[in-house]
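J.: Dropping a structure here in structure tokens format, bear with me for questions.
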Amino acid sequence: MLDESTKNIIEGRKTFFIVPDTALFPESYLEDYLARGYETYIINDDRYCPLKVKIDIIIHTFTDSILFFYIDTVVEGIEWHTYIRDLQKRYGEKVLIGVLYAKRPNEDQKKRLEKYYLFDVGIQGGCISLEFQRTKNFALIDRVMFANQASGRRKNVRAICDNNSKVNFMGKNGLIKGTVLDVSLSHFSCTFDIPLDIKLYEKVRHIMINVNGFHFSTDAILLMQRPVHNVTLYVFVFANANGQQGLDPDIQSRLLQKIYQIVNDRVKALMWEKFDAARKALNNPAHGRAYIPTDDGDIQDYYR
């Protein structure tokens, strides 16, 4: 049984780029993709935990995932054409697989790659040729992720805040204090010490917000309120200085960095916890074939 914290980490569609060439696809793209509603991660090969094991763990843990494999990276023990074929056969519709590769010198090579991966193997995420000018690849992959609905059902990525994240503003009868539960680039949800005397769709000016140590002031509009576990949850949508929905550009840019840090740190911590458990299981000499207990008690097998 997953605890609430883990559920919050794994929810939402995630896209993983497997061993990409950072000359063509720099890690700085990930934060920019988050601004477009895509939660993305890079998975590299290392000696700590075998790449095949990492991928199995990712598919098992993040059950709504897209995996893009950069097939020009050489990884010991992996032949991409057979590995991706076997992966597609084993997991089927449980994961969406795409292939990335550096632009080929002639059209025939491109057509052969597309035929094999799209028709013979049957991947659904696309077979994408990356340009050598990496500035073109951001928009290229952005279009592919849009086509694959990489944002899932949400418009913006939501970050779960720590217990020190607070909100306060001046109400009719003085200072009103509350706790911020989560935040995105468009909304935040919170609870308050006392019930709010605010109508739905009423604008509140000069709200002071602390998100994991990042402080800012903004206007916001009460969008929704509902009871949750004996407290009232309030959801506000941000409003900028022009009276439109959203944050002022400077605040939005800095909040994006904070959301990226929060989400990235939590997901990576969970992944590395599972990678570490896998490494220990693989290094256990008592097993010719290593195993890792899953969250629901089943046994997931991994081979050396």
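Residue numbering restarts at 1 in every chain; chains get A, B, ... in the order shown in the structure tokens, and ligands count up from 1 in that same order.
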Give me, as a list in words, all polymer residues having an atom no more than 9 Å from Glu11 of chain A, counting only C-alpha atoms and skipping those fewer than 6 positions away in the same chain.
T.: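 Answer for this query is Phe62, Thr63 and Asp64 of chain A.
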J.: Counting only C-alpha atoms, give me one row per residue of segment 42-105 of chain A with an atom at most 12 Å from an atom of segment 137-146 of chain A, showing the shortest contact pair and its distance in Å to one decimal, sorted by chain then residue number, as a Markdown table.
T.:
```
| residue | atom | partner | partner_atom | distance |
| --- | --- | --- | --- | --- |
| A:Ser65 | CA | A:Met145 | CA | 11.7 |
| A:Ile66 | CA | A:Met145 | CA | 9.0 |
| A:Leu67 | CA | A:Met145 | CA | 10.8 |
| A:Phe68 | CA | A:Ile141 | CA | 10.1 |
| A:Leu96 | CA | A:Met145 | CA | 11.1 |
| A:Ile97 | CA | A:Met145 | CA | 11.6 |
| A:Gly98 | CA | A:Val144 | CA | 9.4 |
| A:Val99 | CA | A:Val144 | CA | 10.9 |
| A:Leu100 | CA | A:Ile141 | CA | 9.4 |
| A:Tyr101 | CA | A:Asn137 | CA | 11.3 |
| A:Ala102 | CA | A:Asn137 | CA | 10.5 |
| A:Lys103 | CA | A:Asn137 | CA | 11.1 |
```
J.: Which neighbours of Ile18 of chain A fall inside 8 Å, counting only C-alpha atoms, when residues of the same chain fewer than 3 positions from it are skipped, and could you give them as a ChimeraX atom specification?
T.: /A:42-44,67-70
J.: Can you list, as a VMD selection string, all residues belonging to segment 56-225 of chain A that DSSP tags as alpha helix (DSSP H)?
T.: chain A and resid 56 to 61 80 to 91 107 to 114 134 to 147
J.: Can you list, as an mmCIF file with N, CA, C and O atoms, in the first residue's frame, every residue of segment 86-272 of chain A that DSSP puts in strand (DSSP E)?
T.:
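Below you can see states.cif, which holds the result:
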```cif
data_model
loop_
_atom_site.group_PDB
_atom_site.id
_atom_site.type_symbol
_atom_site.label_atom_id
_atom_site.label_comp_id
_atom_site.auth_asym_id
_atom_site.auth_seq_id
_atom_site.Cartn_x
_atom_site.Cartn_y
_atom_site.Cartn_z
ATOM 1 N N LEU A 96 4.327 4.032 -22.997
ATOM 2 C CA LEU A 96 4.432 4.601 -24.338
ATOM 3 C C LEU A 96 5.913 4.793 -24.657
ATOM 4 O O LEU A 96 6.619 5.492 -23.918
ATOM 5 N N ILE A 97 6.371 4.163 -25.719
ATOM 6 C CA ILE A 97 7.792 4.188 -26.081
ATOM 7 C C ILE A 97 8.007 5.002 -27.348
ATOM 8 O O ILE A 97 7.276 4.848 -28.331
ATOM 9 N N GLY A 98 9.034 5.860 -27.313
ATOM 10 C CA GLY A 98 9.463 6.599 -28.482
ATOM 11 C C GLY A 98 10.962 6.432 -28.684
ATOM 12 O O GLY A 98 11.678 6.036 -27.768
ATOM 13 N N VAL A 99 11.431 6.729 -29.882
ATOM 14 C CA VAL A 99 12.847 6.587 -30.224
ATOM 15 C C VAL A 99 13.366 7.914 -30.758
ATOM 16 O O VAL A 99 12.717 8.568 -31.585
ATOM 17 N N LEU A 100 14.539 8.321 -30.261
ATOM 18 C CA LEU A 100 15.243 9.499 -30.750
ATOM 19 C C LEU A 100 16.579 9.064 -31.339
ATOM 20 O O LEU A 100 17.201 8.122 -30.847
ATOM 21 N N TYR A 101 17.024 9.753 -32.373
ATOM 22 C CA TYR A 101 18.330 9.447 -32.967
ATOM 23 C C TYR A 101 18.845 10.680 -33.689
ATOM 24 O O TYR A 101 18.063 11.566 -34.076
ATOM 25 N N ALA A 102 20.162 10.745 -33.860
ATOM 26 C CA ALA A 102 20.758 11.868 -34.592
ATOM 27 C C ALA A 102 20.430 11.750 -36.071
ATOM 28 O O ALA A 102 20.341 10.648 -36.626
ATOM 29 N N CYS A 127 9.234 8.023 -33.875
ATOM 30 C CA CYS A 127 10.636 7.769 -34.205
ATOM 31 C C CYS A 127 11.179 9.085 -34.754
ATOM 32 O O CYS A 127 10.889 9.461 -35.893
ATOM 33 N N ILE A 128 11.945 9.809 -33.922
ATOM 34 C CA ILE A 128 12.231 11.222 -34.182
ATOM 35 C C ILE A 128 13.706 11.431 -34.482
ATOM 36 O O ILE A 128 14.577 11.050 -33.703
ATOM 37 N N SER A 129 13.961 12.076 -35.598
ATOM 38 C CA SER A 129 15.303 12.439 -36.006
ATOM 39 C C SER A 129 15.645 13.810 -35.434
ATOM 40 O O SER A 129 14.972 14.803 -35.720
ATOM 41 N N LEU A 130 16.705 13.875 -34.605
ATOM 42 C CA LEU A 130 17.115 15.138 -34.003
ATOM 43 C C LEU A 130 18.082 15.875 -34.917
ATOM 44 O O LEU A 130 18.920 15.272 -35.578
ATOM 45 N N ALA A 159 3.241 21.070 -7.582
ATOM 46 C CA ALA A 159 4.283 20.729 -6.606
ATOM 47 C C ALA A 159 3.670 20.685 -5.218
ATOM 48 O O ALA A 159 2.953 21.606 -4.811
ATOM 49 N N ILE A 160 3.942 19.605 -4.488
ATOM 50 C CA ILE A 160 3.492 19.486 -3.103
ATOM 51 C C ILE A 160 4.455 20.252 -2.206
ATOM 52 O O ILE A 160 5.659 20.022 -2.242
ATOM 53 N N LYS A 166 3.529 28.855 3.756
ATOM 54 C CA LYS A 166 2.425 29.588 4.380
ATOM 55 C C LYS A 166 1.816 30.617 3.427
ATOM 56 O O LYS A 166 2.416 30.988 2.417
ATOM 57 N N VAL A 167 0.616 31.050 3.804
ATOM 58 C CA VAL A 167 -0.075 32.104 3.064
ATOM 59 C C VAL A 167 -0.746 33.016 4.087
ATOM 60 O O VAL A 167 -1.249 32.550 5.113
ATOM 61 N N ASN A 168 -0.722 34.332 3.823
ATOM 62 C CA ASN A 168 -1.466 35.245 4.694
ATOM 63 C C ASN A 168 -1.862 36.496 3.925
ATOM 64 O O ASN A 168 -1.220 36.867 2.929
ATOM 65 N N PHE A 169 -2.910 37.125 4.385
ATOM 66 C CA PHE A 169 -3.382 38.379 3.783
ATOM 67 C C PHE A 169 -4.282 39.079 4.792
ATOM 68 O O PHE A 169 -4.756 38.481 5.771
ATOM 69 N N MET A 170 -4.531 40.351 4.551
ATOM 70 C CA MET A 170 -5.383 41.126 5.447
ATOM 71 C C MET A 170 -6.843 40.913 5.060
ATOM 72 O O MET A 170 -7.253 41.169 3.926
ATOM 73 N N GLY A 171 -7.634 40.412 6.004
ATOM 74 C CA GLY A 171 -9.064 40.248 5.799
ATOM 75 C C GLY A 171 -9.841 41.389 6.421
ATOM 76 O O GLY A 171 -9.265 42.383 6.892
ATOM 77 N N GLY A 174 -8.760 41.606 10.146
ATOM 78 C CA GLY A 174 -7.354 41.482 10.503
ATOM 79 C C GLY A 174 -6.626 40.452 9.667
ATOM 80 O O GLY A 174 -7.126 39.981 8.625
ATOM 81 N N LEU A 175 -5.435 40.067 10.121
ATOM 82 C CA LEU A 175 -4.566 39.165 9.374
ATOM 83 C C LEU A 175 -5.112 37.738 9.391
ATOM 84 O O LEU A 175 -5.444 37.204 10.449
ATOM 85 N N ILE A 176 -5.186 37.138 8.211
ATOM 86 C CA ILE A 176 -5.645 35.754 8.066
ATOM 87 C C ILE A 176 -4.447 34.909 7.650
ATOM 88 O O ILE A 176 -3.746 35.247 6.690
ATOM 89 N N LYS A 177 -4.210 33.811 8.389
ATOM 90 C CA LYS A 177 -3.056 32.961 8.126
ATOM 91 C C LYS A 177 -3.501 31.568 7.707
ATOM 92 O O LYS A 177 -4.504 31.059 8.190
ATOM 93 N N GLY A 178 -2.711 30.979 6.808
ATOM 94 C CA GLY A 178 -3.015 29.632 6.350
ATOM 95 C C GLY A 178 -1.761 28.883 5.931
ATOM 96 O O GLY A 178 -0.649 29.405 6.018
ATOM 97 N N THR A 179 -1.973 27.657 5.478
ATOM 98 C CA THR A 179 -0.878 26.780 5.048
ATOM 99 C C THR A 179 -1.079 26.409 3.586
ATOM 100 O O THR A 179 -2.170 25.977 3.187
ATOM 101 N N VAL A 180 -0.029 26.574 2.788
ATOM 102 C CA VAL A 180 -0.076 26.205 1.372
ATOM 103 C C VAL A 180 0.199 24.712 1.244
ATOM 104 O O VAL A 180 1.188 24.203 1.782
ATOM 105 N N LEU A 181 -0.679 24.009 0.542
ATOM 106 C CA LEU A 181 -0.524 22.564 0.368
ATOM 107 C C LEU A 181 0.190 22.215 -0.922
ATOM 108 O O LEU A 181 1.074 21.367 -0.953
ATOM 109 N N ASP A 182 -0.207 22.863 -2.007
ATOM 110 C CA ASP A 182 0.450 22.619 -3.293
ATOM 111 C C ASP A 182 0.324 23.858 -4.161
ATOM 112 O O ASP A 182 -0.508 24.734 -3.906
ATOM 113 N N VAL A 183 1.152 23.896 -5.203
ATOM 114 C CA VAL A 183 1.195 25.085 -6.048
ATOM 115 C C VAL A 183 1.557 24.677 -7.471
ATOM 116 O O VAL A 183 2.313 23.724 -7.689
ATOM 117 N N HIS A 187 -2.334 27.933 -10.101
ATOM 118 C CA HIS A 187 -3.169 27.818 -8.917
ATOM 119 C C HIS A 187 -2.338 27.514 -7.677
ATOM 120 O O HIS A 187 -1.186 27.116 -7.771
ATOM 121 N N PHE A 188 -2.957 27.662 -6.531
ATOM 122 C CA PHE A 188 -2.427 27.078 -5.308
ATOM 123 C C PHE A 188 -3.598 26.691 -4.418
ATOM 124 O O PHE A 188 -4.686 27.278 -4.496
ATOM 125 N N SER A 189 -3.401 25.655 -3.620
ATOM 126 C CA SER A 189 -4.431 25.230 -2.673
ATOM 127 C C SER A 189 -3.897 25.390 -1.263
ATOM 128 O O SER A 189 -2.691 25.283 -1.021
ATOM 129 N N CYS A 190 -4.807 25.650 -0.328
ATOM 130 C CA CYS A 190 -4.380 25.940 1.034
ATOM 131 C C CYS A 190 -5.510 25.680 2.017
ATOM 132 O O CYS A 190 -6.671 25.479 1.633
ATOM 133 N N THR A 191 -5.161 25.664 3.284
ATOM 134 C CA THR A 191 -6.132 25.631 4.369
ATOM 135 C C THR A 191 -5.865 26.828 5.271
ATOM 136 O O THR A 191 -4.755 27.377 5.281
ATOM 137 N N PHE A 192 -6.884 27.213 6.043
ATOM 138 C CA PHE A 192 -6.739 28.368 6.927
ATOM 139 C C PHE A 192 -7.123 27.998 8.359
ATOM 140 O O PHE A 192 -7.858 27.023 8.587
ATOM 141 N N LYS A 203 -11.807 38.401 -5.689
ATOM 142 C CA LYS A 203 -10.361 38.613 -5.751
ATOM 143 C C LYS A 203 -9.836 39.078 -4.395
ATOM 144 O O LYS A 203 -10.421 39.935 -3.742
ATOM 145 N N VAL A 204 -8.716 38.482 -4.001
ATOM 146 C CA VAL A 204 -8.026 38.882 -2.784
ATOM 147 C C VAL A 204 -6.705 39.527 -3.200
ATOM 148 O O VAL A 204 -5.925 38.937 -3.939
ATOM 149 N N ARG A 205 -6.472 40.716 -2.722
ATOM 150 C CA ARG A 205 -5.272 41.453 -3.143
ATOM 151 C C ARG A 205 -4.125 41.267 -2.148
ATOM 152 O O ARG A 205 -4.335 41.075 -0.961
ATOM 153 N N HIS A 206 -2.914 41.310 -2.706
ATOM 154 C CA HIS A 206 -1.683 41.321 -1.904
ATOM 155 C C HIS A 206 -1.592 40.122 -0.950
ATOM 156 O O HIS A 206 -1.377 40.286 0.254
ATOM 157 N N ILE A 207 -1.774 38.947 -1.508
ATOM 158 C CA ILE A 207 -1.576 37.729 -0.725
ATOM 159 C C ILE A 207 -0.075 37.457 -0.626
ATOM 160 O O ILE A 207 0.632 37.464 -1.635
ATOM 161 N N MET A 208 0.412 37.215 0.574
ATOM 162 C CA MET A 208 1.810 36.860 0.787
ATOM 163 C C MET A 208 1.922 35.338 0.847
ATOM 164 O O MET A 208 1.219 34.689 1.632
ATOM 165 N N ILE A 209 2.792 34.783 0.007
ATOM 166 C CA ILE A 209 2.915 33.331 -0.097
ATOM 167 C C ILE A 209 4.371 32.935 0.087
ATOM 168 O O ILE A 209 5.281 33.572 -0.447
ATOM 169 N N ASN A 210 4.565 31.870 0.845
ATOM 170 C CA ASN A 210 5.879 31.259 1.030
ATOM 171 C C ASN A 210 5.791 29.825 0.527
ATOM 172 O O ASN A 210 5.065 29.004 1.087
ATOM 173 N N VAL A 211 6.529 29.522 -0.553
ATOM 174 C CA VAL A 211 6.555 28.175 -1.122
ATOM 175 C C VAL A 211 7.948 27.596 -0.914
ATOM 176 O O VAL A 211 8.895 27.965 -1.607
ATOM 177 N N PHE A 214 10.516 30.233 -0.861
ATOM 178 C CA PHE A 214 10.408 31.286 -1.867
ATOM 179 C C PHE A 214 9.199 32.151 -1.537
ATOM 180 O O PHE A 214 8.061 31.686 -1.525
ATOM 181 N N HIS A 215 9.450 33.446 -1.248
ATOM 182 C CA HIS A 215 8.399 34.371 -0.834
ATOM 183 C C HIS A 215 8.007 35.274 -2.000
ATOM 184 O O HIS A 215 8.865 35.798 -2.704
ATOM 185 N N PHE A 216 6.720 35.484 -2.153
ATOM 186 C CA PHE A 216 6.258 36.437 -3.172
ATOM 187 C C PHE A 216 4.861 36.933 -2.806
ATOM 188 O O PHE A 216 4.162 36.339 -1.976
ATOM 189 N N SER A 217 4.478 38.033 -3.443
ATOM 190 C CA SER A 217 3.165 38.635 -3.218
ATOM 191 C C SER A 217 2.415 38.686 -4.539
ATOM 192 O O SER A 217 3.000 38.998 -5.591
ATOM 193 N N THR A 218 1.126 38.404 -4.496
ATOM 194 C CA THR A 218 0.321 38.391 -5.710
ATOM 195 C C THR A 218 -1.142 38.578 -5.354
ATOM 196 O O THR A 218 -1.537 38.418 -4.191
ATOM 197 N N ASP A 219 -1.947 38.912 -6.336
ATOM 198 C CA ASP A 219 -3.394 38.847 -6.180
ATOM 199 C C ASP A 219 -3.849 37.443 -6.556
ATOM 200 O O ASP A 219 -3.145 36.719 -7.288
ATOM 201 N N ALA A 220 -5.015 37.046 -6.065
ATOM 202 C CA ALA A 220 -5.536 35.723 -6.396
ATOM 203 C C ALA A 220 -7.058 35.737 -6.278
ATOM 204 O O ALA A 220 -7.636 36.553 -5.545
ATOM 205 N N ILE A 221 -7.689 34.830 -6.984
ATOM 206 C CA ILE A 221 -9.150 34.719 -7.007
ATOM 207 C C ILE A 221 -9.551 33.365 -6.442
ATOM 208 O O ILE A 221 -9.002 32.331 -6.847
ATOM 209 N N LEU A 222 -10.492 33.366 -5.511
ATOM 210 C CA LEU A 222 -10.964 32.109 -4.935
ATOM 211 C C LEU A 222 -11.774 31.351 -5.984
ATOM 212 O O LEU A 222 -12.817 31.811 -6.431
ATOM 213 N N LEU A 223 -11.280 30.206 -6.342
ATOM 214 C CA LEU A 223 -11.894 29.421 -7.410
ATOM 215 C C LEU A 223 -12.796 28.310 -6.881
ATOM 216 O O LEU A 223 -13.813 27.978 -7.483
ATOM 217 N N MET A 224 -12.416 27.734 -5.725
ATOM 218 C CA MET A 224 -13.169 26.581 -5.229
ATOM 219 C C MET A 224 -12.885 26.393 -3.754
ATOM 220 O O MET A 224 -11.810 26.744 -3.259
ATOM 221 N N GLN A 225 -13.858 25.828 -3.050
ATOM 222 C CA GLN A 225 -13.636 25.401 -1.679
ATOM 223 C C GLN A 225 -14.454 24.137 -1.435
ATOM 224 O O GLN A 225 -15.576 24.009 -1.929
ATOM 225 N N ARG A 226 -13.853 23.199 -0.686
ATOM 226 C CA ARG A 226 -14.561 21.948 -0.412
ATOM 227 C C ARG A 226 -13.982 21.302 0.843
ATOM 228 O O ARG A 226 -12.810 21.494 1.171
ATOM 229 N N PRO A 227 -14.807 20.541 1.557
ATOM 230 C CA PRO A 227 -14.317 19.876 2.777
ATOM 231 C C PRO A 227 -13.444 18.677 2.428
ATOM 232 O O PRO A 227 -13.772 17.882 1.551
ATOM 233 N N VAL A 228 -12.302 18.549 3.111
ATOM 234 C CA VAL A 228 -11.396 17.415 2.936
ATOM 235 C C VAL A 228 -10.843 17.045 4.308
ATOM 236 O O VAL A 228 -10.142 17.842 4.940
ATOM 237 N N VAL A 231 -11.315 19.443 7.268
ATOM 238 C CA VAL A 231 -10.895 20.828 7.064
ATOM 239 C C VAL A 231 -11.454 21.298 5.721
ATOM 240 O O VAL A 231 -11.881 20.493 4.897
ATOM 241 N N THR A 232 -11.436 22.594 5.525
ATOM 242 C CA THR A 232 -11.887 23.151 4.245
ATOM 243 C C THR A 232 -10.678 23.471 3.381
ATOM 244 O O THR A 232 -9.770 24.184 3.815
ATOM 245 N N LEU A 233 -10.669 22.924 2.186
ATOM 246 C CA LEU A 233 -9.599 23.183 1.223
ATOM 247 C C LEU A 233 -10.028 24.326 0.315
ATOM 248 O O LEU A 233 -11.132 24.310 -0.242
ATOM 249 N N TYR A 234 -9.162 25.318 0.169
ATOM 250 C CA TYR A 234 -9.428 26.471 -0.688
ATOM 251 C C TYR A 234 -8.461 26.446 -1.865
ATOM 252 O O TYR A 234 -7.261 26.236 -1.683
ATOM 253 N N VAL A 235 -8.976 26.665 -3.058
ATOM 254 C CA VAL A 235 -8.152 26.716 -4.262
ATOM 255 C C VAL A 235 -8.267 28.106 -4.868
ATOM 256 O O VAL A 235 -9.375 28.587 -5.158
ATOM 257 N N PHE A 236 -7.108 28.744 -5.053
ATOM 258 C CA PHE A 236 -7.044 30.077 -5.641
ATOM 259 C C PHE A 236 -6.349 30.010 -6.989
ATOM 260 O O PHE A 236 -5.417 29.224 -7.185
ATOM 261 N N VAL A 237 -6.771 30.863 -7.909
ATOM 262 C CA VAL A 237 -6.069 31.044 -9.162
ATOM 263 C C VAL A 237 -5.336 32.378 -9.097
ATOM 264 O O VAL A 237 -5.878 33.381 -8.615
ATOM 265 N N PHE A 238 -4.086 32.397 -9.551
ATOM 266 C CA PHE A 238 -3.291 33.619 -9.491
ATOM 267 C C PHE A 238 -3.866 34.682 -10.427
ATOM 268 O O PHE A 238 -4.409 34.377 -11.489
ATOM 269 N N ALA A 239 -3.692 35.930 -10.036
ATOM 270 C CA ALA A 239 -4.077 37.068 -10.881
ATOM 271 C C ALA A 239 -2.927 38.064 -10.881
ATOM 272 O O ALA A 239 -2.353 38.370 -9.831
#
```
J.: At a cut-off of 7 Å, using only C-alpha atoms, what residues contact Tyr38 of chain A? Leave out same-chain residues fewer than 3 positions from it and give the result as a ChimeraX atom specification.
T.: /A:33-34,150-151
J.: With distances taken over only C-alpha atoms, which residue among A:Ile84, A:Ile123, A:Ile55, A:Ile262 lies nearest Phe17 of chain A?
T.: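 Smallest separation from Phe17 of chain A among the options: A:Ile55.
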J.: Counting only C-alpha atoms, which residue out of A:Tyr91, A:Trp272, A:Tyr48, A:Tyr260 sits closest to Arg158 of chain A?
T.: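 Looking at the shortest contact to Arg158 of chain A, the residue is A:Tyr260.
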J.: For a test of reading the model, state the distance in Å between atom CA of Arg13 of chain A and atom CA of Gly152 of chain A, rounded to one decimal.
T.: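 These two atoms are separated by 5.3 Å.
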J.: If we count only C-alpha atoms, what is near Lys52 of chain A at a cut-off of 12 Å, once residues fewer than 6 positions away on the same chain are taken out, given as a count of residues only?
T.: 26
J.: My list of candidates is A:Ser184, A:Gln88, A:Leu113, A:Thr135. Which is closest to Gln257 of chain A when distances are computed with only C-alpha atoms?
T.: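 Among the listed residues, A:Ser184 lies closest to Gln257 of chain A.
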J.: Rounded to one decimal place, report the atom CA of Lys14 of chain A-atom CA of Ile57 of chain A distance in Å.
T.: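 Distance between the two atoms: 13.7 Å.
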J.: Do you have the atom CA of Leu185 of chain A-atom CA of Gly246 of chain A distance handy?
T.: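 Distance between the two atoms: 7.3 Å.
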